[in-house]
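Chemist: Data file work06.cif (mmCIF, C-alpha atoms) is appended below.
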```
data_coords
#
loop_
_atom_site.label_atom_id
_atom_site.label_comp_id
_atom_site.auth_asym_id
_atom_site.auth_seq_id
_atom_site.Cartn_x
_atom_site.Cartn_y
_atom_site.Cartn_z
CA MET P 124 -3.06 -117.36 -12.76
CA LYS P 125 -3.22 -115.24 -15.89
CA LEU P 126 -6.89 -114.73 -15.24
CA ILE P 127 -6.19 -113.43 -11.74
CA ASN P 128 -3.53 -111.02 -13.02
CA LEU P 129 -5.92 -109.69 -15.62
CA LEU P 130 -8.54 -109.18 -12.90
CA TYR P 131 -6.11 -107.22 -10.73
CA ALA P 132 -5.12 -105.06 -13.71
CA ALA P 133 -8.75 -104.27 -14.45
CA LEU P 134 -9.46 -103.32 -10.84
CA TYR P 135 -6.40 -100.96 -10.81
CA ILE P 136 -7.57 -99.19 -13.98
CA VAL P 137 -11.06 -98.72 -12.50
CA PHE P 138 -9.58 -97.36 -9.26
CA MET P 139 -7.38 -94.83 -11.03
CA ALA P 140 -10.25 -93.68 -13.22
CA VAL P 141 -12.36 -92.95 -10.12
CA LEU P 142 -9.59 -90.84 -8.64
CA LEU P 143 -9.10 -88.77 -11.79
CA ILE P 144 -12.76 -87.85 -12.22
CA GLN P 145 -13.37 -86.97 -8.51
CA PRO P 146 -14.31 -83.17 -8.23
CA MET P 147 -11.63 -80.98 -6.67
CA GLY P 148 -13.96 -78.73 -4.62
CA CYS P 149 -13.42 -76.53 -1.47
CA ASN P 150 -13.92 -79.61 0.73
CA SER P 151 -11.63 -81.84 -1.24
CA ASP P 152 -8.78 -83.47 0.63
CA PHE P 153 -6.70 -83.19 -2.51
CA LYS P 154 -4.43 -80.23 -2.99
CA VAL P 155 -1.68 -79.14 -5.31
CA LEU P 156 1.66 -78.75 -3.63
CA LEU P 157 3.21 -75.32 -4.50
CA ASN P 158 6.79 -74.24 -4.15
CA SER P 159 5.63 -71.62 -1.70
CA ASP P 160 4.42 -74.46 0.57
CA ARG P 161 7.95 -75.52 1.14
CA GLN P 162 10.14 -74.20 3.94
CA ASP P 163 13.76 -73.18 3.48
CA ASP P 164 14.86 -76.75 4.31
CA GLY P 165 12.64 -78.17 1.59
CA SER P 166 9.95 -79.55 3.94
CA VAL P 167 6.32 -78.69 3.43
CA ASN P 168 4.75 -75.92 5.52
CA PRO P 169 1.87 -77.59 7.30
CA ASP P 170 -0.08 -74.33 7.48
CA GLY P 171 0.00 -73.82 3.73
CA PRO P 172 1.42 -70.90 1.73
CA ASP P 173 2.01 -67.51 3.38
CA THR P 174 0.46 -65.62 0.50
CA VAL P 175 -2.11 -66.74 -2.00
CA PRO P 176 -0.98 -65.67 -5.45
CA ASP P 177 -3.19 -63.18 -7.30
CA ASP P 178 -3.75 -63.78 -10.97
CA ASP P 179 -4.57 -59.98 -11.35
CA ASP P 180 -1.69 -58.17 -13.02
CA THR P 181 -2.54 -54.92 -11.28
CA PRO P 182 0.59 -53.75 -9.43
CA THR P 183 0.36 -53.44 -5.69
CA ASP P 184 2.28 -51.75 -2.96
CA ASP P 185 4.58 -54.17 -1.11
CA ASP P 186 3.22 -52.93 2.23
CA ASP P 187 -0.40 -52.58 1.15
CA ASP P 188 -2.79 -54.87 -0.70
CA THR P 189 -4.65 -51.86 -2.12
CA PRO P 190 -4.15 -51.72 -5.88
CA ILE P 191 -2.34 -48.65 -7.23
CA ASP P 192 -4.03 -46.85 -10.10
CA ASP P 193 -1.36 -45.95 -12.60
CA ASP P 194 -3.93 -43.98 -14.62
CA ASP P 195 -4.61 -41.43 -11.87
CA ASP P 196 -3.29 -38.08 -13.11
CA THR P 197 -4.16 -36.21 -9.94
CA PRO P 198 -1.01 -34.27 -8.92
CA VAL P 199 0.16 -34.65 -5.38
CA ASP P 200 1.24 -31.27 -3.97
CA ASP P 201 3.26 -31.54 -0.81
CA ASP P 202 4.56 -27.97 -1.16
CA ASP P 203 2.92 -25.17 0.85
CA THR P 204 3.99 -22.50 -1.65
CA PRO P 205 0.92 -20.56 -2.92
CA THR P 206 0.07 -21.08 -6.59
CA ASP P 207 -2.11 -19.17 -9.03
CA ASP P 208 -4.97 -21.52 -8.14
CA ASP P 209 -4.54 -20.82 -4.44
CA ASP P 210 -6.96 -18.40 -2.80
CA THR P 211 -4.26 -17.23 -0.42
CA PRO P 212 -3.47 -13.54 -1.16
CA VAL P 213 0.03 -12.99 -2.47
CA ASP P 214 1.85 -10.12 -0.79
CA ASP P 215 3.14 -7.80 -3.53
CA ASP P 216 4.92 -5.44 -1.15
CA ASP P 217 8.37 -4.99 -2.63
CA GLY P 218 9.73 -2.95 0.27
CA LEU P 219 10.06 0.22 -1.82
CA SER P 220 8.42 3.51 -0.97
CA SER P 221 5.66 4.89 -3.18
CA ILE P 222 5.59 8.58 -4.08
CA TYR P 223 2.16 10.05 -4.89
CA TRP P 224 1.58 13.45 -6.45
CA THR P 225 -1.12 15.62 -7.98
CA ASP P 226 -0.76 18.22 -10.71
CA PHE P 227 -2.44 21.29 -12.15
CA SER P 228 -4.05 19.28 -14.97
CA GLY P 229 -5.98 17.10 -12.52
CA ARG P 230 -3.90 13.93 -12.57
CA ILE P 231 -3.09 11.77 -9.55
CA SER P 232 0.07 9.74 -10.11
CA VAL P 233 2.37 7.34 -8.27
CA ILE P 234 5.88 5.99 -8.78
CA LYS P 235 8.22 3.70 -6.83
CA SER P 236 11.33 5.15 -5.21
CA ASP P 237 13.49 3.23 -7.69
CA LEU P 238 11.69 5.02 -10.55
CA THR P 239 9.66 1.96 -11.57
CA ALA P 240 5.92 1.39 -11.88
CA GLN P 241 5.00 4.99 -12.71
CA THR P 242 1.23 5.06 -13.04
CA VAL P 243 -1.49 7.66 -13.54
CA LEU P 244 -4.12 6.62 -11.01
CA ALA P 245 -6.77 9.13 -12.02
CA GLU P 246 -7.33 11.93 -14.52
CA ARG P 247 -9.82 14.23 -12.88
CA GLY P 248 -9.98 16.96 -15.52
CA ASN P 249 -10.15 19.64 -12.81
CA MET P 250 -7.40 21.51 -11.01
CA VAL P 251 -6.08 19.61 -7.96
CA LEU P 252 -4.71 21.97 -5.28
CA ASP P 253 -3.36 19.62 -2.60
CA MET P 254 -3.34 16.01 -1.46
CA ASP P 255 -2.50 13.68 1.42
CA ILE P 256 -2.66 9.92 1.93
CA ASP P 257 -4.11 7.85 4.75
CA THR P 258 -1.56 5.07 5.19
CA VAL P 259 -3.71 3.34 7.82
CA ASN P 260 -6.88 2.93 5.75
CA ARG P 261 -5.09 3.14 2.37
CA HIS P 262 -6.98 6.13 0.99
CA ILE P 263 -5.97 9.16 -1.07
CA TYR P 264 -7.52 12.53 -0.20
CA TRP P 265 -7.29 15.59 -2.39
CA ILE P 266 -8.78 19.04 -2.99
CA GLU P 267 -10.25 19.72 -6.39
CA MET P 268 -11.39 23.04 -7.81
CA VAL P 269 -14.01 23.01 -10.55
CA ASP P 270 -13.63 26.07 -12.82
CA THR P 271 -10.36 27.97 -12.78
CA ASP P 272 -12.15 31.28 -12.23
CA ALA P 273 -11.59 31.91 -8.52
CA ASP P 274 -14.60 34.25 -8.37
CA ASP P 275 -16.99 31.45 -9.29
CA ALA P 276 -15.46 28.14 -8.26
CA LEU P 277 -16.45 25.00 -6.41
CA TYR P 278 -13.86 23.61 -3.98
CA SER P 279 -14.32 19.93 -3.10
CA ILE P 280 -12.61 17.32 -0.92
CA LEU P 281 -12.52 13.89 -2.50
CA ARG P 282 -11.31 10.42 -1.53
CA SER P 283 -10.35 7.28 -3.42
CA ALA P 284 -8.65 3.96 -2.83
CA TYR P 285 -4.87 3.71 -3.19
CA ASP P 286 -5.28 2.63 -6.80
CA GLY P 287 -7.44 5.65 -7.64
CA SER P 288 -10.69 3.70 -7.83
CA GLY P 289 -13.95 4.49 -6.04
CA ALA P 290 -13.57 8.30 -6.00
CA VAL P 291 -16.22 10.00 -3.91
CA SER P 292 -16.85 13.67 -3.10
CA LEU P 293 -16.97 14.20 0.67
CA TYR P 294 -17.38 17.97 1.07
CA SER P 295 -17.80 21.09 -1.09
CA GLN P 296 -17.77 24.87 -0.72
CA SER P 297 -18.67 27.41 -3.40
CA SER P 298 -16.99 30.76 -3.90
CA GLU P 299 -20.48 32.11 -4.56
CA SER P 300 -21.03 31.80 -0.81
CA ASN P 301 -17.93 34.01 -0.33
CA ASN P 302 -15.70 31.09 0.61
CA SER P 303 -12.26 30.43 -0.85
CA GLY P 304 -11.05 26.97 -0.15
CA PRO P 305 -10.35 24.38 0.97
CA THR P 306 -6.88 24.80 -0.52
CA ALA P 307 -4.82 22.70 1.94
CA ILE P 308 -5.50 19.28 3.46
CA ALA P 309 -4.00 16.79 5.94
CA VAL P 310 -5.22 13.41 7.18
CA ASP P 311 -4.45 11.45 10.33
CA GLY P 312 -5.66 7.92 9.72
CA THR P 313 -4.66 6.76 13.20
CA ALA P 314 -6.77 9.39 14.96
CA GLY P 315 -9.44 9.19 12.25
CA PHE P 316 -9.57 12.91 11.35
CA LEU P 317 -9.21 15.07 8.28
CA TYR P 318 -8.10 18.73 8.46
CA TRP P 319 -8.55 21.55 5.94
CA ASN P 320 -8.79 25.32 5.68
CA GLU P 321 -11.48 27.79 4.57
CA PHE P 322 -11.43 31.56 4.04
CA ASN P 323 -14.63 33.57 4.22
CA ASN P 324 -14.22 36.68 2.08
CA THR P 325 -17.10 38.57 3.68
CA ALA P 326 -15.88 38.15 7.25
CA SER P 327 -12.18 38.13 6.22
CA LEU P 328 -11.86 35.03 8.36
CA ASN P 329 -9.36 32.20 7.82
CA THR P 330 -10.14 29.00 9.73
CA ILE P 331 -8.95 25.41 10.12
CA GLN P 332 -11.70 22.80 10.18
CA ARG P 333 -11.67 19.11 11.03
CA ALA P 334 -14.00 16.14 10.60
CA GLN P 335 -14.04 12.43 11.26
CA ILE P 336 -13.33 10.23 8.23
CA SER P 337 -15.57 7.32 9.18
CA GLY P 338 -18.19 7.97 6.49
CA ASP P 339 -18.71 9.35 3.00
CA VAL P 340 -19.80 12.79 4.22
CA LEU P 341 -17.57 15.16 6.20
CA SER P 342 -19.25 17.04 9.05
CA PRO P 343 -16.86 19.92 9.82
CA SER P 344 -16.19 21.40 13.21
CA LEU P 345 -14.12 24.51 13.88
CA LEU P 346 -10.61 23.87 15.19
CA PHE P 347 -8.66 27.13 14.80
CA ASN P 348 -10.35 30.50 14.29
CA ASN P 349 -9.37 34.13 13.60
CA LEU P 350 -6.03 33.32 11.99
CA PRO P 351 -4.11 36.55 11.29
CA TYR P 352 -3.31 35.76 7.65
CA TYR P 353 -5.97 34.99 5.07
CA TYR P 354 -4.71 32.04 3.07
CA THR P 355 -3.50 28.65 4.26
CA TYR P 356 -0.83 27.13 2.04
CA SER P 357 -0.14 23.87 3.87
CA ILE P 358 -1.32 21.71 6.78
CA CYS P 359 0.66 18.87 8.37
CA ALA P 360 -0.67 16.40 10.94
CA ASP P 361 2.02 15.02 13.26
CA LYS P 362 0.49 11.61 13.87
CA SER P 363 2.97 10.75 16.62
CA GLY P 364 2.38 13.79 18.81
CA GLY P 365 -1.15 14.99 18.07
CA THR P 366 0.14 18.33 16.80
CA LEU P 367 -1.09 20.19 13.74
CA TYR P 368 1.30 22.48 11.84
CA PHE P 369 0.18 24.94 9.19
CA SER P 370 1.53 27.83 7.12
CA ILE P 371 -0.54 30.96 6.40
CA ASN P 372 0.19 34.01 4.25
CA TRP P 373 -1.42 37.09 2.75
CA TYR P 374 -1.01 35.53 -0.68
CA TYR P 375 -1.73 32.08 -2.06
CA ALA P 376 -0.20 30.69 -5.25
CA ASN P 377 -0.24 27.03 -6.15
CA GLY P 378 -1.68 26.81 -9.63
CA LEU P 379 -4.42 29.11 -8.35
CA SER P 380 -3.65 32.67 -7.11
CA LEU P 381 -5.51 34.34 -4.24
CA GLY P 382 -4.96 37.56 -2.27
CA GLY P 383 -1.80 39.63 -2.32
CA GLY P 384 1.19 40.57 -0.16
CA ASN P 385 4.50 39.07 0.95
CA GLN P 386 4.10 38.30 4.66
CA GLY P 387 3.26 35.08 6.41
CA ALA P 388 3.73 32.83 9.42
CA LEU P 389 4.11 29.29 10.66
CA TYR P 390 1.76 28.01 13.38
CA SER P 391 1.12 24.91 15.43
CA GLY P 392 -1.69 23.73 17.69
CA MET P 393 -3.08 20.62 19.30
CA SER P 394 -5.11 18.68 16.75
CA GLY P 395 -7.85 17.97 19.28
CA SER P 396 -7.98 21.29 21.14
CA VAL P 397 -9.94 24.27 19.79
CA ASN P 398 -7.96 27.49 19.32
CA SER P 399 -4.82 26.09 20.94
CA HIS P 400 -2.65 27.43 18.10
CA SER P 401 0.37 29.67 18.54
CA VAL P 402 2.87 31.27 16.18
CA LEU P 403 6.21 29.54 15.58
CA SER P 404 7.80 31.86 13.07
CA GLU P 405 6.89 34.99 11.05
CA GLY P 406 8.66 36.45 8.07
CA THR P 407 8.65 38.33 4.80
CA GLY P 408 9.29 37.11 1.30
CA PRO P 409 10.70 38.97 -1.69
CA THR P 410 9.82 42.67 -1.62
CA GLY P 411 7.80 44.50 -4.22
CA VAL P 412 5.93 41.39 -5.41
CA ASN P 413 3.24 39.03 -4.21
CA ALA P 414 5.00 36.17 -2.46
CA VAL P 415 4.36 33.08 -0.32
CA PRO P 416 7.15 33.20 2.29
CA TYR P 417 5.95 30.15 4.29
CA ARG P 418 5.14 27.15 2.17
CA ASP P 419 5.00 23.48 3.08
CA ILE P 420 5.81 21.74 6.36
CA ALA P 421 6.49 18.09 7.31
CA VAL P 422 7.66 16.16 10.36
CA ASP P 423 10.13 13.33 10.92
CA PRO P 424 9.05 11.55 14.13
CA GLN P 425 12.03 9.17 14.00
CA GLY P 426 14.59 11.93 13.75
CA GLY P 427 12.71 14.35 15.98
CA TYR P 428 12.71 17.23 13.48
CA VAL P 429 10.28 19.53 11.73
CA TYR P 430 11.07 20.54 8.14
CA TYR P 431 9.53 23.60 6.53
CA VAL P 432 9.93 25.64 3.36
CA MET P 433 10.50 29.38 3.46
CA GLU P 434 11.32 31.86 0.74
CA ASP P 435 13.25 34.96 1.75
CA ALA P 436 14.25 37.93 -0.39
CA SER P 437 16.45 35.82 -2.67
CA LYS P 438 15.51 32.12 -2.77
CA SER P 439 13.66 29.29 -1.06
CA TYR P 440 15.07 26.88 1.55
CA ILE P 441 14.12 23.76 3.42
CA TYR P 442 14.84 24.42 7.09
CA ARG P 443 15.21 21.76 9.77
CA THR P 444 14.37 22.51 13.39
CA PRO P 445 13.70 20.57 16.62
CA TYR P 446 10.10 20.27 17.71
CA ASP P 447 10.47 23.23 20.06
CA PHE P 448 11.78 25.48 17.24
CA SER P 449 14.67 26.52 19.45
CA SER P 450 17.03 26.62 16.47
CA LYS P 451 17.03 26.08 12.73
CA GLU P 452 19.48 25.09 10.01
CA VAL P 453 19.36 25.05 6.23
CA HIS P 454 18.79 21.49 5.07
CA VAL P 455 18.37 22.10 1.33
CA GLU P 456 19.00 25.32 -0.55
CA ALA P 457 17.27 26.07 -3.84
CA GLU P 458 19.50 26.19 -6.90
CA PRO P 459 19.04 28.00 -10.23
CA GLU P 460 17.62 24.79 -11.75
CA PHE P 461 14.93 24.26 -9.10
CA ASN P 462 12.63 25.99 -6.64
CA ILE P 463 11.03 24.45 -3.53
CA ASN P 464 7.28 24.38 -2.91
CA LYS P 465 5.67 21.26 -1.39
CA ILE P 466 7.66 18.66 0.58
CA ALA P 467 7.18 15.06 1.77
CA ILE P 468 9.32 12.88 4.02
CA ASP P 469 10.15 9.23 3.51
CA THR P 470 10.96 7.95 6.99
CA ASP P 471 11.67 4.39 5.75
CA GLU P 472 14.26 5.17 3.10
CA ARG P 473 15.34 8.41 4.83
CA LYS P 474 14.69 10.78 1.93
CA ILE P 475 13.03 14.16 1.58
CA TYR P 476 11.12 14.98 -1.61
CA TRP P 477 10.01 18.37 -2.89
CA THR P 478 8.13 19.81 -5.84
CA SER P 479 9.55 22.42 -8.20
CA ASP P 480 7.08 23.53 -10.84
CA LYS P 481 6.98 20.58 -13.31
CA ALA P 482 9.44 18.36 -11.46
CA ILE P 483 10.09 16.46 -8.24
CA TYR P 484 13.49 16.42 -6.55
CA ARG P 485 14.86 14.53 -3.55
CA ALA P 486 17.79 14.49 -1.13
CA GLU P 487 19.09 12.63 1.91
CA LEU P 488 17.01 13.24 5.02
CA ASP P 489 19.77 12.86 7.60
CA SER P 490 22.48 14.95 5.90
CA GLN P 491 22.39 18.58 4.85
CA ASN P 492 22.48 19.33 1.10
CA SER P 493 23.38 15.69 0.43
CA GLY P 494 22.31 13.56 -2.50
CA VAL P 495 20.28 16.31 -4.16
CA GLU P 496 18.93 14.96 -7.45
CA LEU P 497 16.15 15.33 -9.97
CA PHE P 498 13.70 12.51 -9.31
CA VAL P 499 11.03 12.80 -12.00
CA GLU P 500 9.80 15.39 -14.49
CA THR P 501 6.16 16.02 -15.36
CA ASP P 502 4.28 17.96 -18.03
CA SER P 503 2.14 19.91 -15.55
CA VAL P 504 2.83 21.90 -12.37
CA VAL P 505 2.96 19.57 -9.35
CA THR P 506 0.55 20.77 -6.66
CA GLY P 507 0.81 18.10 -3.93
CA ILE P 508 3.05 15.25 -2.83
CA SER P 509 2.93 12.39 -0.28
CA VAL P 510 5.03 9.29 0.46
CA ASP P 511 4.09 5.86 1.72
#
```
Kindly return the structure encoded in the file as structure tokens.
Modeler:
Amino acid sequence: MKLINLLYAALYIVFMAVLLIQPMGCNSDFKVLLNSDRQDDGSVNPDGPDTVPDDDDTPTDDDDDTPIDDDDDTPVDDDDTPTDDDDTPVDDDDGLSSIYWTDFSGRISVIKSDLTAQTVLAERGNMVLDMDIDTVNRHIYWIEMVDTDADDALYSILRSAYDGSGAVSLYSQSSESNNSGPTAIAVDGTAGFLYWNEFNNTASLNTIQRAQISGDVLSPSLLFNNLPYYYTYSICADKSGGTLYFSINWYYANGLSLGGGNQGALYSGMSGSVNSHSVLSEGTGPTGVNAVPYRDIAVDPQGGYVYYVMEDASKSYIYRTPYDFSSKEVHVEAEPEFNINKIAIDTDERKIYWTSDKAIYRAELDSQNSGVELFVETDSVVTGISVD
């Protein structure tokens, strides 16, 4: 009996040893029972575990098996706001008007209406007689005279970008060919034309010319001929109505002096019709001296008025009149501390600006003699002014 028991014990040991050394491969019927195999009631899930555990410590997203790289420093930008690295242009328009002016020393300058960002855009070194700006194509136009001797001078029309860069000479006339001028200029960027004056000393002929502004060379064509006064002081292009206004006198004085006398007139004509001009007003300045009775002129399309400067026997005024010139009223009256020469209208902020020797003043556009104030002082006589 003992022998039989010993035999059974030996067989059991052999059997268990076989089981322990059997390989646990993919086809093995043996498996380890995990806690995840059990259902909520403790029974074993016959289909096995829902998720095979991953020995990789890399964190994962609960809804995605894709590993998350914690070492990725790439910023995620879900904001559409432009940054410095963005190629989208940033609009720097602050809503303020910009006042441009030229002076006797040859500078072209600009300042904001709140008296900030005053900048000298260009220092030409030659006398600048007048200027205007093309708000459509963002160009500055001006007249420059090389040599202050009027008997031997070169008058040129130049153009630059709004920031004063890329200046190019578009047209020139020499006093050696008996021409004085251009001395006044106006641009209509919408229509694509530039207007200026010339006086031929031999023929005693004052004319208004025009040319398209599409290129870098101006090809003039005659617009108004045989004007009764020799020297044009100012030209204004009414871009809303296709009308050209201009002031002419026997005498010119704006840094440079030409001619002599004290009579003048204000004219208008269609900017696209040859010799369609007619007189609007004639008058006389101070007696016994050379004088420029009719000076600058500007239009306010929104208000429906024309503003012009006239000097009578005692002082200068800014007059306001309807387009038909049926009546006029004093809008600003010169005071002992200032005179009035060139003017410019700010239709956005409803201001009117004017030059007075080495200073610029301004006032309210919609009220007479209201808000008159010194705007900025300069160290050279201001010869032209424009507003954008």
Chemist: Could you check the closest approach to Gly408 (chain P) for each of P:Ser337, P:Thr478, P:Ser380, P:Asn372 and tell me which residue wins, using only C-alpha atoms?
Modeler: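 Checking each of P:Ser337, P:Thr478, P:Ser380, P:Asn372 against Gly408 (chain P), counting only C-alpha atoms, the winner is P:Asn372.
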Chemist: Which one of P:Asn492, P:Ser236, P:Ser479, P:Asn462 sits closest to Val505 (chain P) if you count all atoms listed in the file?
Modeler: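 Checking each candidate against Val505 (chain P), we get P:Ser479 as the closest.
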Chemist: Excluding Tyr446 (chain P) and any residue of its chain fewer than 6 positions from it, enumerate the residues within 8 Å of it, using only C-alpha atoms, and give them as a PyMOL selection string.
Modeler: chain P and resi 427-429
Chemist: Pick out the residues sitting within 10 Å of Pro351 (chain P), and hand them over as a ChimeraX atom specification; count all atoms listed in the file, and ignore anything fewer than 3 positions along from it in its own chain.
Modeler: /P:327-330,348,354,371-373,387-388
Chemist: Just want the 10 Å neighbourhood of Gly378 (chain P), counted on only C-alpha atoms, with same-chain residues fewer than 6 positions away dropped. Output as a list of chain:residue names.
Modeler: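 Everything that qualifies: P:Asp226, P:Phe227, P:Ser228, P:Met250, P:Val251, P:Leu252, P:Thr271, P:Asp480, P:Ser503, P:Val504, P:Val505, P:Thr506.
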Chemist: How many Å separate CA of Tyr294 (chain P) from CA of Val269 (chain P)?
Modeler: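 These two atoms are separated by 13.1 Å.
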Chemist: What residues have an atom no more than 8 Å from (16.1, 24.4, 2.9) in the file's own frame, counting all atoms listed in the file, and can you write them as number ranges by chain?
Modeler: P: 431-433, 439-443, 452-457
Chemist: List the residues selected by the PyMOL selection byres ((chain P and resi 340-343) around 10) in the file shown, writing them as a PyMOL selection string.
Modeler: chain P and resi 280-281+291-295+316-319+331-339+344-346
Chemist: What box, with edges along x, y and z, holds each listed atom of region 470-478 of chain P when 5 Å is added on every side, and can you state its centre and edge lengths in Å to one decimal, as JSON?
Modeler:
```
{"center_x": 11.7, "center_y": 12.1, "center_z": 0.6, "size_x": 17.2, "size_y": 25.4, "size_z": 22.8}
```
Chemist: Taking the file as shown, find all residues satisfying the PyMOL selection byres ((chain P and resi 297) around 8) and write them as a PyMOL selection string.
Modeler: chain P and resi 275-278+295-296+298-303
Chemist: Would you kindly return, as a PyMOL selection string, each protein, DNA or RNA residue with an atom no farther than 9 Å from any atom of Leu244 (chain P), considering all atoms listed in the file and excluding same-chain residues fewer than 5 positions away?
Modeler: chain P and resi 230-233+285-288
Chemist: Here is a test: counting only C-alpha atoms, which residue of P:Asn413, P:Gln425, P:Ser401, P:Asn385 is nearest to Asp361 (chain P)?
Modeler: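 Nearest to Asp361 (chain P): P:Gln425.
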